[in-house]
>>> print(open('my_file.txt').read())   # compact mmCIF, C-alpha atoms and all ligand atoms
# COMPACT_ATOMS: atom_id res chain seq x y z
CA MET A 1 11.32 -20.49 -6.58
CA SER A 2 14.02 -18.77 -4.59
CA TYR A 3 14.77 -15.11 -4.06
CA PRO A 4 18.02 -13.43 -3.08
CA ILE A 5 16.29 -11.68 -0.22
CA ALA A 6 14.96 -13.19 2.98
CA PRO A 7 11.36 -14.25 3.59
CA GLY A 8 9.34 -12.50 6.27
CA GLY A 9 9.20 -8.76 6.67
CA LEU A 10 6.56 -6.36 5.44
CA ALA A 11 4.68 -6.59 2.14
CA ALA A 12 1.93 -4.55 0.51
CA VAL A 13 -0.49 -5.51 -2.26
CA LEU A 14 -1.85 -2.39 -3.99
CA ALA A 15 -3.45 -1.37 -7.27
CA HIS A 16 -1.43 1.41 -8.92
CA PRO A 17 2.01 3.00 -8.97
CA ASP A 18 1.74 5.81 -6.34
CA ASP A 19 -0.60 3.91 -3.97
CA GLU A 20 2.51 2.91 -2.01
CA SER A 21 3.69 6.48 -1.58
CA PHE A 22 0.29 7.78 -0.46
CA GLY A 23 -0.50 4.74 1.62
CA CYS A 24 2.43 3.18 3.39
CA ALA A 25 5.76 4.74 2.37
CA GLY A 26 6.53 5.63 5.97
CA ALA A 27 5.89 2.15 7.37
CA PHE A 28 7.96 0.64 4.56
CA ALA A 29 10.85 3.06 5.16
CA LEU A 30 10.85 2.31 8.89
CA ALA A 31 10.72 -1.45 8.28
CA HIS A 32 13.55 -1.23 5.75
CA ASP A 33 15.70 0.85 8.10
CA ALA A 34 15.09 -1.71 10.88
CA GLY A 35 16.47 -4.44 8.63
CA ALA A 36 13.19 -6.08 7.60
CA THR A 37 12.59 -7.22 4.03
CA THR A 38 10.15 -4.92 2.23
CA ARG A 39 8.13 -5.96 -0.81
CA LEU A 40 5.39 -4.51 -2.96
CA LEU A 41 3.01 -6.14 -5.42
CA VAL A 42 1.24 -3.72 -7.77
CA VAL A 43 -1.65 -5.09 -9.83
CA THR A 44 -1.77 -2.50 -12.67
CA ARG A 45 0.76 -0.26 -14.42
CA GLY A 46 -1.40 2.82 -13.99
CA GLU A 47 -1.72 3.42 -17.74
CA ALA A 48 -5.02 5.26 -17.26
CA GLY A 49 -3.28 7.93 -15.19
CA SER A 50 -3.25 10.30 -18.15
CA ALA A 51 -4.76 13.77 -18.07
CA ASP A 52 -8.08 12.60 -19.54
CA GLY A 53 -8.09 9.17 -17.89
CA SER A 54 -7.76 7.24 -21.16
CA ALA A 55 -5.45 4.22 -21.22
CA ASP A 56 -2.07 4.94 -22.80
CA PRO A 57 0.77 2.39 -22.75
CA ALA A 58 3.31 5.24 -22.75
CA VAL A 59 1.75 6.53 -19.52
CA GLY A 60 2.18 3.02 -18.09
CA ASP A 61 5.89 3.17 -18.97
CA VAL A 62 6.25 6.55 -17.27
CA ARG A 63 4.44 5.35 -14.17
CA GLU A 64 6.51 2.18 -13.96
CA ALA A 65 9.65 4.35 -13.97
CA GLU A 66 8.09 6.59 -11.30
CA LEU A 67 7.40 3.49 -9.22
CA VAL A 68 11.06 2.44 -9.45
CA CYS A 69 12.06 5.96 -8.31
CA ALA A 70 9.69 5.78 -5.33
CA ALA A 71 10.79 2.25 -4.42
CA ARG A 72 14.44 3.35 -4.27
CA THR A 73 13.53 6.37 -2.16
CA ILE A 74 11.44 4.37 0.29
CA GLY A 75 13.80 1.39 0.54
CA LEU A 76 11.79 -1.39 -1.10
CA ASP A 77 13.73 -4.61 -1.63
CA GLU A 78 11.40 -5.96 -4.30
CA VAL A 79 8.64 -4.57 -6.50
CA SER A 80 6.47 -6.87 -8.63
CA LEU A 81 3.82 -6.01 -11.21
CA LEU A 82 1.08 -8.37 -12.32
CA ASP A 83 0.35 -8.74 -16.05
CA GLY A 84 -3.03 -8.44 -17.69
CA TYR A 85 -4.92 -6.18 -15.27
CA PRO A 86 -5.99 -2.92 -16.93
CA ASP A 87 -5.86 0.25 -14.85
CA GLY A 88 -9.46 1.05 -14.00
CA GLY A 89 -10.67 -2.40 -15.03
CA VAL A 90 -9.40 -4.82 -12.40
CA ALA A 91 -12.96 -5.55 -11.28
CA ASP A 92 -13.79 -6.74 -14.82
CA GLN A 93 -11.12 -9.45 -14.70
CA PRO A 94 -11.73 -12.93 -13.22
CA PHE A 95 -11.62 -12.42 -9.46
CA ASP A 96 -10.55 -15.97 -8.67
CA THR A 97 -7.52 -15.64 -10.96
CA LEU A 98 -6.49 -12.43 -9.21
CA VAL A 99 -6.84 -14.14 -5.81
CA SER A 100 -4.69 -17.04 -7.05
CA GLU A 101 -1.96 -14.75 -8.41
CA ILE A 102 -1.78 -12.76 -5.19
CA ALA A 103 -1.78 -15.95 -3.10
CA ALA A 104 1.08 -17.38 -5.18
CA TRP A 105 3.11 -14.19 -4.81
CA LEU A 106 2.60 -14.21 -1.03
CA ALA A 107 3.25 -17.95 -0.69
CA ASP A 108 6.61 -17.58 -2.47
CA ARG A 109 7.73 -14.79 -0.17
CA ARG A 110 6.06 -15.49 3.17
CA PRO A 111 5.92 -11.91 4.52
CA ALA A 112 5.20 -11.62 8.24
CA ALA A 113 2.73 -8.79 7.68
CA VAL A 114 0.71 -7.64 4.67
CA ILE A 115 -0.82 -4.22 3.98
CA THR A 116 -3.66 -3.74 1.51
CA PHE A 117 -6.75 -1.61 0.95
CA GLY A 118 -9.86 -1.69 3.11
CA PRO A 119 -13.48 -1.95 1.92
CA HIS A 120 -13.66 1.56 0.49
CA GLY A 121 -10.12 1.53 -0.89
CA VAL A 122 -9.42 4.95 0.72
CA THR A 123 -10.58 6.89 -2.35
CA GLY A 124 -13.38 4.57 -3.47
CA HIS A 125 -11.42 3.65 -6.61
CA PRO A 126 -12.87 0.29 -7.76
CA ASP A 127 -9.38 -1.10 -8.45
CA HIS A 128 -8.42 -0.41 -4.82
CA VAL A 129 -11.56 -2.10 -3.52
CA VAL A 130 -11.14 -5.26 -5.59
CA VAL A 131 -7.40 -5.54 -4.86
CA GLY A 132 -8.08 -5.25 -1.13
CA ASN A 133 -10.80 -7.90 -1.31
CA ALA A 134 -8.66 -10.23 -3.42
CA THR A 135 -5.71 -9.90 -1.06
CA ARG A 136 -7.83 -10.79 1.94
CA TRP A 137 -9.26 -13.80 0.12
CA ALA A 138 -5.72 -14.79 -0.88
CA VAL A 139 -4.67 -14.71 2.78
CA GLU A 140 -7.61 -16.92 3.77
CA ARG A 141 -6.60 -19.39 1.08
CA LEU A 142 -3.03 -19.38 2.44
CA ALA A 143 -4.38 -19.86 5.96
CA ASP A 144 -6.06 -23.07 4.82
CA ALA A 145 -2.58 -24.26 3.79
CA GLY A 146 -0.98 -23.05 7.04
CA LEU A 147 0.88 -20.27 5.20
CA ALA A 148 -0.94 -17.13 6.34
CA PRO A 149 1.05 -14.06 7.35
CA ASN A 150 0.97 -13.15 11.04
CA ALA A 151 -1.01 -9.99 10.39
CA VAL A 152 -3.01 -8.21 7.69
CA TYR A 153 -3.57 -4.45 7.80
CA VAL A 154 -5.69 -2.08 5.76
CA VAL A 155 -4.63 1.50 5.13
CA SER A 156 -6.50 3.90 7.41
CA PRO A 157 -5.51 7.45 6.42
CA ILE A 158 -7.22 9.18 9.34
CA PHE A 159 -3.96 10.74 10.57
CA ASP A 160 -3.12 12.18 7.16
CA PRO A 161 -1.63 15.65 7.68
CA SER A 162 -3.71 16.92 4.77
CA GLY A 163 -6.86 15.94 6.68
CA ASN A 164 -9.34 13.20 6.03
CA ARG A 165 -10.84 14.08 2.68
CA TYR A 166 -12.15 10.62 1.96
CA ASP A 167 -15.43 8.81 2.53
CA LEU A 168 -13.89 5.94 4.48
CA SER A 169 -15.52 2.67 5.48
CA PRO A 170 -15.92 2.01 9.23
CA GLU A 171 -12.95 -0.34 9.07
CA GLU A 172 -10.76 2.32 7.49
CA GLN A 173 -11.87 4.91 10.05
CA ALA A 174 -11.07 2.68 13.01
CA ALA A 175 -7.29 2.58 13.02
CA THR A 176 -5.76 0.14 15.49
CA HIS A 177 -2.18 1.15 14.73
CA ARG A 178 -0.75 4.64 14.61
CA ILE A 179 2.77 4.59 13.22
CA SER A 180 4.98 7.61 13.83
CA VAL A 181 6.71 8.27 10.51
CA THR A 182 8.06 11.71 11.36
CA GLU A 183 11.68 10.56 11.06
CA VAL A 184 11.12 9.28 7.52
CA ALA A 185 8.60 11.92 6.41
CA GLN A 186 11.01 13.55 3.99
CA ARG A 187 11.41 10.22 2.20
CA LYS A 188 7.63 9.96 1.95
CA VAL A 189 7.60 13.43 0.36
CA ASP A 190 10.40 12.45 -2.02
CA ALA A 191 8.65 9.18 -2.94
CA LEU A 192 5.42 11.05 -3.68
CA ALA A 193 7.38 13.55 -5.77
CA CYS A 194 8.65 10.65 -7.92
CA HIS A 195 5.07 10.32 -9.22
CA ALA A 196 5.25 13.68 -10.95
CA SER A 197 2.87 12.64 -13.75
CA GLN A 198 -0.04 12.49 -11.29
CA ALA A 199 -1.92 15.74 -10.69
CA ASP A 200 -3.14 14.83 -7.20
CA ILE A 201 0.38 14.43 -5.82
CA GLY A 202 0.84 18.17 -5.23
CA GLU A 203 -1.72 18.55 -2.46
CA GLU A 204 -0.31 15.63 -0.48
CA VAL A 205 3.29 16.81 -0.92
CA ALA A 206 2.37 20.35 0.17
CA ALA A 207 0.57 19.10 3.29
CA LEU A 208 3.46 16.88 4.29
CA ARG A 209 6.03 19.61 3.66
CA ALA A 210 4.02 22.03 5.81
CA ALA A 211 3.81 19.48 8.63
CA ILE A 212 7.57 18.86 8.46
CA GLU A 213 8.34 22.59 8.48
CA ASP A 214 6.01 23.14 11.44
CA GLY A 215 7.65 20.30 13.37
CA ARG A 216 4.35 18.49 13.70
CA PRO A 217 4.38 14.71 14.29
CA ILE A 218 3.42 12.73 11.19
CA TYR A 219 1.59 9.42 11.41
CA GLU A 220 0.29 6.68 9.17
CA GLY A 221 -2.79 4.78 10.31
CA TYR A 222 -3.59 1.10 9.85
CA HIS A 223 -6.38 -1.17 10.95
CA ARG A 224 -5.29 -4.72 11.71
CA VAL A 225 -7.99 -6.91 10.18
CA ARG A 226 -6.33 -10.29 10.70
CA PRO A 227 -6.22 -11.34 13.42
CA LEU A 228 -8.91 -8.89 14.41
CA VAL A 229 -8.20 -6.49 17.21
CA PRO A 230 -11.14 -6.87 19.63
CA ALA A 231 -13.30 -3.81 20.17
CA PRO A 232 -13.07 -1.48 21.93
CA HIS A 233 -9.62 -0.91 20.54
CA PRO A 234 -6.81 -0.49 23.02
CA ALA A 235 -4.44 2.46 22.81
CA PHE A 236 -2.88 2.58 19.37
CA ASP A 237 -0.16 0.10 18.68
CA ALA A 238 2.96 1.68 17.26
CA ALA A 239 4.57 -1.09 15.21
CA LEU A 240 3.37 -3.36 12.43
CA LEU A 241 6.01 -6.09 12.71
ZN ZN B 301 -4.53 3.88 -6.76
>>> encode(input="my_file.txt", output="C-alpha cells", more="lines below")
Ligand SMILES: [Zn+2]
Amino acid sequence: MSYPIAPGGLAAVLAHPDDESFGCAGAFALAHDAGATTRLLVVTRGEAGSADGSADPAVGDVREAELVCAARTIGLDEVSLLDGYPDGGVADQPFDTLVSEIAAWLADRRPAAVITFGPHGVTGHPDHVVVGNATRWAVERLADAGLAPNAVYVVSPIFDPSGNRYDLSPEEQAATHRISVTEVAQRKVDALACHASQADIGEEVAALRAAIEDGRPIYEGYHRVRPLVPAPHPAFDAALL
C-alpha cells in the first residue's frame, strides 16, 4: 500500500479523540513545522463521551469531527481510526487482533518515532492502558521483522501547567524528554478547544491560557521506553526525532 506522504516522522497510537490534544499536540505541531510527517492512529471513536457515559453513535460522529478540527490545528498529515473497538471496551476485544492491526498500520508507514500511553495510561482509563500495551507489543513484533521504529515514547504529563493531577506509574513519572512547546502552545489550546463536547477540556484550556498569559514556559514530557534510557536519567533531552 502506498501513501501520498513520506514514511518516517512522528506517529502516535492513542485511544480516543482528544487524547492527542491533551497528550502530544505540542510535539506534533513542532514536528510538523520542522517538516516531519505526522500521523495519528485512534482506536475508538469516543462514542461513550456523552454526558452520562453511555455509548451514542451520534456522539462518535461529533467526536470524529472534533478530531478532524484538532488535527488541522495541530498539523497532522494523516489521522486513522480503527473499526470495531468500542469506547470504554477496548480491553474486552481480542488483544492479539489489536496488536496485529496496530503493527500493520505502523509497518505501512514506518514512522521514526512512536508515542503511546504508559502503564497507567495517564488517567487510568482502561482503553488507554490496553492501547499502550498493544502498541508496545506491536513494536516488538515489528522488531522481529526488522521494522521497528527508532524510538517509542510514553506520555509523561509531569510538566503539565495544570499540575500533576494523575496517579501516574513510575514510568510515566520518570520523563526522559522535556519538550518545550511554548511556541506552539496556542495551537495546543486551539486543538483542545476543538473537543468542545468534552467537559474536562475546560480545566486544561484554562491552565494553558494562564501559562501563556503569564509568559511561563510550557513543556510536554515523554519517557523513552524503547530503546530504554539507562538510569539515572541524564539531563532531559529536548527533541523526539
Ligand atoms: Zn482518552
>>> closest_residue(input="my_file.txt", among="A:Ala103, A:Ile5, A:Ala191, A:Val155", to="Glu140 of chain A", atoms="all atoms listed in the file")
A:Ala103
>>> closest_atom_pairs(input="my_file.txt", of="chain A", to="ligand ZN 301 (chain B)", cutoff="8 Å", atoms="all atoms listed in the file", output="JSON lines")
{"residue": "A:Leu14", "atom": "CA", "partner": "B:ZN301", "partner_atom": "ZN", "distance": 7.4}
{"residue": "A:Ala15", "atom": "CA", "partner": "B:ZN301", "partner_atom": "ZN", "distance": 5.4}
{"residue": "A:His16", "atom": "CA", "partner": "B:ZN301", "partner_atom": "ZN", "distance": 4.5}
{"residue": "A:Pro17", "atom": "CA", "partner": "B:ZN301", "partner_atom": "ZN", "distance": 7.0}
{"residue": "A:Asp18", "atom": "CA", "partner": "B:ZN301", "partner_atom": "ZN", "distance": 6.6}
{"residue": "A:Asp19", "atom": "CA", "partner": "B:ZN301", "partner_atom": "ZN", "distance": 4.8}
{"residue": "A:Gly46", "atom": "CA", "partner": "B:ZN301", "partner_atom": "ZN", "distance": 7.9}
{"residue": "A:His125", "atom": "CA", "partner": "B:ZN301", "partner_atom": "ZN", "distance": 6.9}
{"residue": "A:Asp127", "atom": "CA", "partner": "B:ZN301", "partner_atom": "ZN", "distance": 7.2}
{"residue": "A:His128", "atom": "CA", "partner": "B:ZN301", "partner_atom": "ZN", "distance": 6.1}
>>> atom_distance(input="my_file.txt", atom1="atom CA of Gln198 of chain A", atom2="atom CA of Val131 of chain A")
20.5 Å
>>> atom_distance(input="my_file.txt", atom1="atom CA of Glu171 of chain A", atom2="atom CA of Arg209 of chain A")
28.1 Å
>>> atom_distance(input="my_file.txt", atom1="atom CA of Thr135 of chain A", atom2="atom CA of Asp77 of chain A")
20.2 Å
>>> residues_around(input="my_file.txt", residues="Val114 of chain A", least_positions_apart="3", cutoff="10 Å", atoms="all atoms listed in the file", output="list in words")
Gly9, Leu10, Ala11, Ala12, Val13, Arg39, Leu40, Leu106, Arg110, Pro111, Thr135, Arg136, Val139, Ala148, Pro149, Asn150, Ala151, Val152, Tyr153, Val154, Arg224, Arg226, Leu240 and Leu241 of chain A
>>> closest_residue(input="my_file.txt", among="A:Leu192, A:Val59, A:Ala91, A:Ala210", to="Glu47 of chain A", atoms="all atoms listed in the file")
A:Val59
>>> closest_residue(input="my_file.txt", among="A:Ala113, A:Gly221, A:Ser21, A:Glu183", to="Asn164 of chain A", atoms="all atoms listed in the file")
A:Gly221
>>> closest_residue(input="my_file.txt", among="A:Arg216, A:His233, A:Lys188, A:Arg72", to="Thr176 of chain A", atoms="all atoms listed in the file")
A:His233
>>> residues_around(input="my_file.txt", residues="segment 179-181 of chain A", least_positions_apart="4", cutoff="12 Å", atoms="only C-alpha atoms", output="number ranges by chain")
A: 23-31, 33, 74, 155-161, 175, 185-189, 208, 211-212, 216-223, 236-241
>>> closest_residue(input="my_file.txt", among="A:Gly53, A:Gly121, A:Gly132, A:Gly8", to="Ala199 of chain A", atoms="all atoms listed in the file")
A:Gly53
>>> closest_residue(input="my_file.txt", among="A:Ala112, A:Ala107, A:Val42, A:Val184", to="Asp144 of chain A", atoms="all atoms listed in the file")
A:Ala107
>>> residues_around(input="my_file.txt", residues="segment 65-71 of chain A", least_positions_apart="2", cutoff="6 Å", atoms="all atoms listed in the file", output="mmCIF file with C-alpha atoms, in the frame of the given file")
data_model
loop_
_atom_site.group_PDB
_atom_site.id
_atom_site.type_symbol
_atom_site.label_atom_id
_atom_site.label_comp_id
_atom_site.auth_asym_id
_atom_site.auth_seq_id
_atom_site.Cartn_x
_atom_site.Cartn_y
_atom_site.Cartn_z
ATOM 1 C CA PRO A 17 2.010 3.000 -8.970
ATOM 2 C CA VAL A 62 6.250 6.550 -17.270
ATOM 3 C CA ARG A 63 4.440 5.350 -14.170
ATOM 4 C CA THR A 73 13.530 6.370 -2.160
ATOM 5 C CA ILE A 74 11.440 4.370 0.290
ATOM 6 C CA GLY A 75 13.800 1.390 0.540
ATOM 7 C CA LEU A 76 11.790 -1.390 -1.100
ATOM 8 C CA ALA A 191 8.650 9.180 -2.940
ATOM 9 C CA CYS A 194 8.650 10.650 -7.920
ATOM 10 C CA HIS A 195 5.070 10.320 -9.220
#
>>> residues_around(input="my_file.txt", residues="segment 82-87 of chain A", least_positions_apart="2", cutoff="10 Å", atoms="only C-alpha atoms", output="mmCIF file with C-alpha atoms, in the frame of the given file")
data_model
loop_
_atom_site.group_PDB
_atom_site.id
_atom_site.type_symbol
_atom_site.label_atom_id
_atom_site.label_comp_id
_atom_site.auth_asym_id
_atom_site.auth_seq_id
_atom_site.Cartn_x
_atom_site.Cartn_y
_atom_site.Cartn_z
ATOM 1 C CA ALA A 15 -3.450 -1.370 -7.270
ATOM 2 C CA HIS A 16 -1.430 1.410 -8.920
ATOM 3 C CA LEU A 41 3.010 -6.140 -5.420
ATOM 4 C CA VAL A 42 1.240 -3.720 -7.770
ATOM 5 C CA VAL A 43 -1.650 -5.090 -9.830
ATOM 6 C CA THR A 44 -1.770 -2.500 -12.670
ATOM 7 C CA ARG A 45 0.760 -0.260 -14.420
ATOM 8 C CA GLY A 46 -1.400 2.820 -13.990
ATOM 9 C CA GLU A 47 -1.720 3.420 -17.740
ATOM 10 C CA ALA A 48 -5.020 5.260 -17.260
ATOM 11 C CA GLY A 49 -3.280 7.930 -15.190
ATOM 12 C CA GLY A 53 -8.090 9.170 -17.890
ATOM 13 C CA SER A 54 -7.760 7.240 -21.160
ATOM 14 C CA ALA A 55 -5.450 4.220 -21.220
ATOM 15 C CA ASP A 56 -2.070 4.940 -22.800
ATOM 16 C CA GLY A 60 2.180 3.020 -18.090
ATOM 17 C CA SER A 80 6.470 -6.870 -8.630
ATOM 18 C CA GLY A 89 -10.670 -2.400 -15.030
ATOM 19 C CA VAL A 90 -9.400 -4.820 -12.400
ATOM 20 C CA ALA A 91 -12.960 -5.550 -11.280
ATOM 21 C CA ASP A 92 -13.790 -6.740 -14.820
ATOM 22 C CA GLN A 93 -11.120 -9.450 -14.700
ATOM 23 C CA PRO A 94 -11.730 -12.930 -13.220
ATOM 24 C CA LEU A 98 -6.490 -12.430 -9.210
ATOM 25 C CA GLU A 101 -1.960 -14.750 -8.410
ATOM 26 C CA ILE A 102 -1.780 -12.760 -5.190
ATOM 27 C CA TRP A 105 3.110 -14.190 -4.810
ATOM 28 C CA PRO A 126 -12.870 0.290 -7.760
ATOM 29 C CA ASP A 127 -9.380 -1.100 -8.450
#
